[in-house]
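Colleague: If you scroll down you'll find the structure; I have some questions about it.
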Amino acid sequence: MRRRQHVNPLGLGLSRRRAQAAEIPAGRPLEIELGCADAQFLFERAQRHPDRFYVGIDIRHQLIDDVNRRAAAEARPVLGLFGHANLHLESMFAAGRASRVFVNFPDPWFKRRHRKRRMLDRDLACSIHTILEPGGELLLQTDVWAIALDALAVLDGLDDLYINAAGPWSFWKGPNPFHARSWREQHCEGAGLPIWRLLYRSA
Ligand SMILES: C[S@@+](CC[C@H](N)C(=O)[O-])C[C@H]1O[C@@H](n2cnc3c(N)ncnc32)[C@H](O)[C@@H]1O
């Protein structure tokens, strides 16, 4: 499938669009991927743990439609929702509702002048903390060193909100602890690219 690699999250009038409301079955642990694209990661999680519920958020409607078509065809507890992680997260989910949040390979925006388009910043880290239950987990993975370093600085800098599961100022050393692989993760592993992972628990 041909994919546009990056969509400007500050463009397309995205800030004026409303996020879709999330209808999430009560009583089931909730896992959320921000910037899910095809949500391959969540489909693999759902196959392994069908008792949980999975929501993927993306700013590209077409991808979200594809996610929901696949979920229906395969009868998986996966829901795709249009939403802008940096603008909509706290309006989409009740405080403390999520048991896990995944940020898998966010768009890198290499150029200095594009840096403000990067997904994980201090505000988003605080919003993620708000929707996570106490002890809930946040995984960030990337193959871009600059993104990994920025995320480490943001998240370890919020040591009143997050505990680094690998120890302070450290990357997660093992493989993906959640036994699922996103589309980008599969590509990186196939191409032998390095992957940096950060795993935090909500304080
Ligand atoms: C590089 S792709 C990675 C997709 C997937 N997570 C993976 O690992 O294969 C990044 C995705 O994040 C989406 N995205 C970028 N900024 C976003 C934002 N602020 N909120 C929600 N989705 C966003 C893009 O549309 C794109 O689908």
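By convention here, the chains of the structure tokens are called A, B, ... in the order presented, each chain's residues are numbered starting at 1, and ligands are numbered starting at 1 in the order presented.
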List the neighbours of Leu138 (chain A) out to 10 Å using only C-alpha atoms; skip same-chain residues closer than 3 positions along the sequence, and give me the result as a list in words.
Modeller: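 After dropping sequence-adjacent residues, the list is Glu31, Ile32, Glu33, Ala98, Ser99, Arg100, Val101, Phe102, Val103, Ala125, Ile128, His129, Leu132, Gly135, Leu155, Tyr162, Ile163, Asn164, Ala165, Leu198, Leu199, Tyr200, Arg201 and Ser202 of chain A.
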Colleague: Based on the selection just made, write N, CA, C and O atoms of those residues as a compact mmCIF listing (two decimals), in the first residue's frame.
Modeller:
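Below is the file result-v2.txt, written as the result:
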```
# COMPACT_ATOMS: atom_id res chain seq x y z
N GLU A 31 -6.53 0.32 25.82
CA GLU A 31 -5.20 0.66 25.32
C GLU A 31 -5.37 1.57 24.11
O GLU A 31 -6.22 1.31 23.25
N ILE A 32 -4.57 2.64 24.04
CA ILE A 32 -4.74 3.67 23.02
C ILE A 32 -3.43 3.87 22.27
O ILE A 32 -2.37 3.99 22.90
N GLU A 33 -3.50 3.93 20.94
CA GLU A 33 -2.30 4.30 20.16
C GLU A 33 -2.54 5.67 19.53
O GLU A 33 -3.54 5.87 18.84
N ALA A 98 -7.45 5.06 30.68
CA ALA A 98 -6.58 4.20 29.86
C ALA A 98 -5.59 3.43 30.72
O ALA A 98 -5.02 3.96 31.67
N SER A 99 -5.39 2.16 30.36
CA SER A 99 -4.36 1.41 31.07
C SER A 99 -3.01 1.52 30.35
O SER A 99 -1.96 1.39 30.98
N ARG A 100 -3.06 1.77 29.04
CA ARG A 100 -1.81 1.94 28.30
C ARG A 100 -1.99 2.95 27.17
O ARG A 100 -3.06 2.98 26.55
N VAL A 101 -0.94 3.72 26.93
CA VAL A 101 -0.90 4.60 25.76
C VAL A 101 0.39 4.30 25.00
O VAL A 101 1.47 4.22 25.60
N PHE A 102 0.25 4.14 23.69
CA PHE A 102 1.40 3.87 22.84
C PHE A 102 1.61 5.02 21.86
O PHE A 102 0.65 5.48 21.23
N VAL A 103 2.84 5.45 21.75
CA VAL A 103 3.22 6.42 20.72
C VAL A 103 4.30 5.73 19.89
O VAL A 103 5.47 5.70 20.28
N ALA A 125 2.48 15.10 27.02
CA ALA A 125 2.87 14.18 28.09
C ALA A 125 1.95 14.36 29.31
O ALA A 125 1.55 13.38 29.95
N ILE A 128 -1.49 12.84 28.42
CA ILE A 128 -1.44 11.37 28.48
C ILE A 128 -1.51 10.93 29.95
O ILE A 128 -2.24 10.00 30.30
N HIS A 129 -0.78 11.64 30.80
CA HIS A 129 -0.82 11.29 32.23
C HIS A 129 -2.24 11.42 32.78
O HIS A 129 -2.69 10.59 33.58
N LEU A 132 -4.29 8.38 31.76
CA LEU A 132 -3.80 7.08 32.25
C LEU A 132 -4.28 6.82 33.67
O LEU A 132 -4.34 7.74 34.50
N GLY A 135 -0.39 3.94 37.71
CA GLY A 135 0.35 2.73 37.34
C GLY A 135 0.22 2.36 35.87
O GLY A 135 0.84 1.39 35.42
N LEU A 155 9.91 13.42 29.21
CA LEU A 155 9.27 12.49 30.14
C LEU A 155 10.06 12.32 31.44
O LEU A 155 9.47 12.31 32.52
N TYR A 162 5.72 10.68 35.98
CA TYR A 162 6.11 9.41 35.35
C TYR A 162 7.33 8.79 36.03
O TYR A 162 8.25 9.50 36.42
N ILE A 163 7.33 7.45 36.09
CA ILE A 163 8.49 6.70 36.56
C ILE A 163 9.06 5.94 35.36
O ILE A 163 8.33 5.17 34.70
N ASN A 164 10.31 6.15 35.08
CA ASN A 164 10.95 5.46 33.95
C ASN A 164 11.21 4.00 34.35
O ASN A 164 11.95 3.72 35.29
N ALA A 165 10.58 3.07 33.61
CA ALA A 165 10.67 1.65 33.97
C ALA A 165 12.08 1.09 33.77
O ALA A 165 12.41 0.04 34.33
N LEU A 198 11.07 3.87 25.01
CA LEU A 198 10.95 4.47 26.35
C LEU A 198 9.68 3.91 26.98
O LEU A 198 8.62 3.93 26.34
N LEU A 199 9.80 3.41 28.20
CA LEU A 199 8.64 2.84 28.89
C LEU A 199 8.50 3.52 30.25
O LEU A 199 9.46 3.52 31.05
N TYR A 200 7.34 4.09 30.50
CA TYR A 200 7.08 4.81 31.76
C TYR A 200 5.82 4.26 32.43
O TYR A 200 4.90 3.81 31.75
N ARG A 201 5.78 4.36 33.76
CA ARG A 201 4.55 4.08 34.50
C ARG A 201 4.06 5.39 35.10
O ARG A 201 4.86 6.21 35.59
N SER A 202 2.77 5.54 35.07
CA SER A 202 2.17 6.74 35.62
C SER A 202 2.32 6.75 37.15
O SER A 202 1.95 5.77 37.80
```
Colleague: Find the residues of chain A that sit at most 9 Å from ligand 1; for each, write down the nearest two atoms and how far apart they are in Å, to one decimal. Count only C-alpha atoms and all ligand atoms. Sort by chain, then by number going up, and give it as a tab-separated table.
Modeller:
```
residue	atom	partner	partner_atom_place_in_ligand_line	distance
A:Arg3	CA	ligand 1	27 (O)	8.9
A:Arg4	CA	ligand 1	27 (O)	8.4
A:Gln5	CA	ligand 1	1 (C)	6.1
A:His6	CA	ligand 1	24 (C)	6.1
A:Val7	CA	ligand 1	25 (O)	5.6
A:Asn8	CA	ligand 1	16 (N)	7.2
A:Pro9	CA	ligand 1	16 (N)	5.1
A:Leu10	CA	ligand 1	19 (N)	8.1
A:Glu33	CA	ligand 1	6 (N)	7.1
A:Leu34	CA	ligand 1	21 (C)	5.5
A:Gly35	CA	ligand 1	12 (O)	3.3
A:Cys36	CA	ligand 1	6 (N)	4.2
A:Ala37	CA	ligand 1	27 (O)	3.8
A:Asp38	CA	ligand 1	5 (C)	6.8
A:Ala39	CA	ligand 1	5 (C)	6.6
A:Gln40	CA	ligand 1	9 (O)	7.1
A:Phe41	CA	ligand 1	7 (C)	7.4
A:Gly56	CA	ligand 1	21 (C)	8.9
A:Ile57	CA	ligand 1	21 (C)	5.6
A:Asp58	CA	ligand 1	22 (N)	3.7
A:Ile59	CA	ligand 1	22 (N)	4.6
A:Arg60	CA	ligand 1	25 (O)	5.3
A:His61	CA	ligand 1	25 (O)	8.9
A:Leu63	CA	ligand 1	27 (O)	7.4
A:Phe82	CA	ligand 1	21 (C)	7.8
A:Gly83	CA	ligand 1	21 (C)	5.8
A:His84	CA	ligand 1	20 (N)	3.6
A:Ala85	CA	ligand 1	20 (N)	3.8
A:Asn86	CA	ligand 1	19 (N)	5.2
A:Leu87	CA	ligand 1	19 (N)	7.5
A:His88	CA	ligand 1	20 (N)	8.4
A:Leu89	CA	ligand 1	20 (N)	8.8
A:Phe102	CA	ligand 1	6 (N)	8.3
A:Val103	CA	ligand 1	6 (N)	6.5
A:Asn104	CA	ligand 1	6 (N)	4.3
A:Phe105	CA	ligand 1	8 (O)	4.6
A:Pro106	CA	ligand 1	10 (C)	4.6
A:Asp107	CA	ligand 1	1 (C)	4.5
A:Pro108	CA	ligand 1	1 (C)	7.5
A:Arg117	CA	ligand 1	16 (N)	7.7
A:Arg118	CA	ligand 1	16 (N)	7.3
A:Met119	CA	ligand 1	19 (N)	5.4
A:Leu120	CA	ligand 1	19 (N)	8.6
A:Gln141	CA	ligand 1	8 (O)	8.0
A:Thr142	CA	ligand 1	8 (O)	8.2
A:Arg181	CA	ligand 1	8 (O)	7.9
A:Ser182	CA	ligand 1	9 (O)	4.5
A:Trp183	CA	ligand 1	9 (O)	3.8
A:Arg184	CA	ligand 1	9 (O)	3.7
A:Glu185	CA	ligand 1	8 (O)	5.8
A:Gln186	CA	ligand 1	9 (O)	8.0
A:His187	CA	ligand 1	9 (O)	8.4
```
Colleague: Region 6-203 of chain A: which residues are strand (DSSP E) by DSSP, as a ChimeraX atom specification?
Modeller: /A:30-34,53-58,78-82,98-104,132-142,162-164,196-202
Colleague: Enumerate, as an MDAnalysis selection string, the complete set of residues in region 18-62 of chain A that a backbone-based DSSP assignment places in alpha helix (DSSP H).
Modeller: chainID A and resid 40:48 61:62
Colleague: Store the residues picked out above in a file with N, CA, C and O atoms, as a CSV table (one decimal), in the first residue's frame.
Modeller:
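What landed in result_11.csv:
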```csv
chain,number,residue,atom,x,y,z
A,40,GLN,N,-1.8,-1.6,13.0
A,40,GLN,CA,-1.3,-3.0,13.0
A,40,GLN,C,-0.9,-3.4,14.4
A,40,GLN,O,-1.2,-4.5,14.8
A,41,PHE,N,-0.3,-2.5,15.1
A,41,PHE,CA,0.2,-2.8,16.5
A,41,PHE,C,-1.0,-3.2,17.4
A,41,PHE,O,-1.0,-4.2,18.1
A,42,LEU,N,-2.1,-2.4,17.2
A,42,LEU,CA,-3.3,-2.7,18.1
A,42,LEU,C,-4.0,-4.0,17.6
A,42,LEU,O,-4.5,-4.8,18.5
A,43,PHE,N,-4.0,-4.3,16.3
A,43,PHE,CA,-4.6,-5.6,15.9
A,43,PHE,C,-3.8,-6.7,16.4
A,43,PHE,O,-4.4,-7.8,16.8
A,44,GLU,N,-2.5,-6.6,16.5
A,44,GLU,CA,-1.7,-7.7,17.1
A,44,GLU,C,-1.9,-7.8,18.6
A,44,GLU,O,-2.0,-8.9,19.2
A,45,ARG,N,-2.1,-6.7,19.3
A,45,ARG,CA,-2.4,-6.7,20.7
A,45,ARG,C,-3.8,-7.4,20.9
A,45,ARG,O,-4.0,-8.2,21.8
A,46,ALA,N,-4.7,-7.0,20.0
A,46,ALA,CA,-6.1,-7.5,20.2
A,46,ALA,C,-6.2,-9.0,19.9
A,46,ALA,O,-7.0,-9.7,20.6
A,47,GLN,N,-5.3,-9.5,19.0
A,47,GLN,CA,-5.3,-10.9,18.8
A,47,GLN,C,-4.8,-11.7,20.0
A,47,GLN,O,-5.3,-12.7,20.4
A,48,ARG,N,-3.8,-11.1,20.7
A,48,ARG,CA,-3.2,-11.7,21.9
A,48,ARG,C,-4.1,-11.6,23.1
A,48,ARG,O,-4.2,-12.5,23.9
A,61,HIS,N,-8.3,10.6,8.0
A,61,HIS,CA,-9.6,9.9,8.0
A,61,HIS,C,-9.6,8.6,7.2
A,61,HIS,O,-10.2,7.6,7.7
A,62,GLN,N,-8.9,8.6,6.1
A,62,GLN,CA,-8.9,7.4,5.3
A,62,GLN,C,-8.3,6.2,6.1
A,62,GLN,O,-8.8,5.1,6.0
```
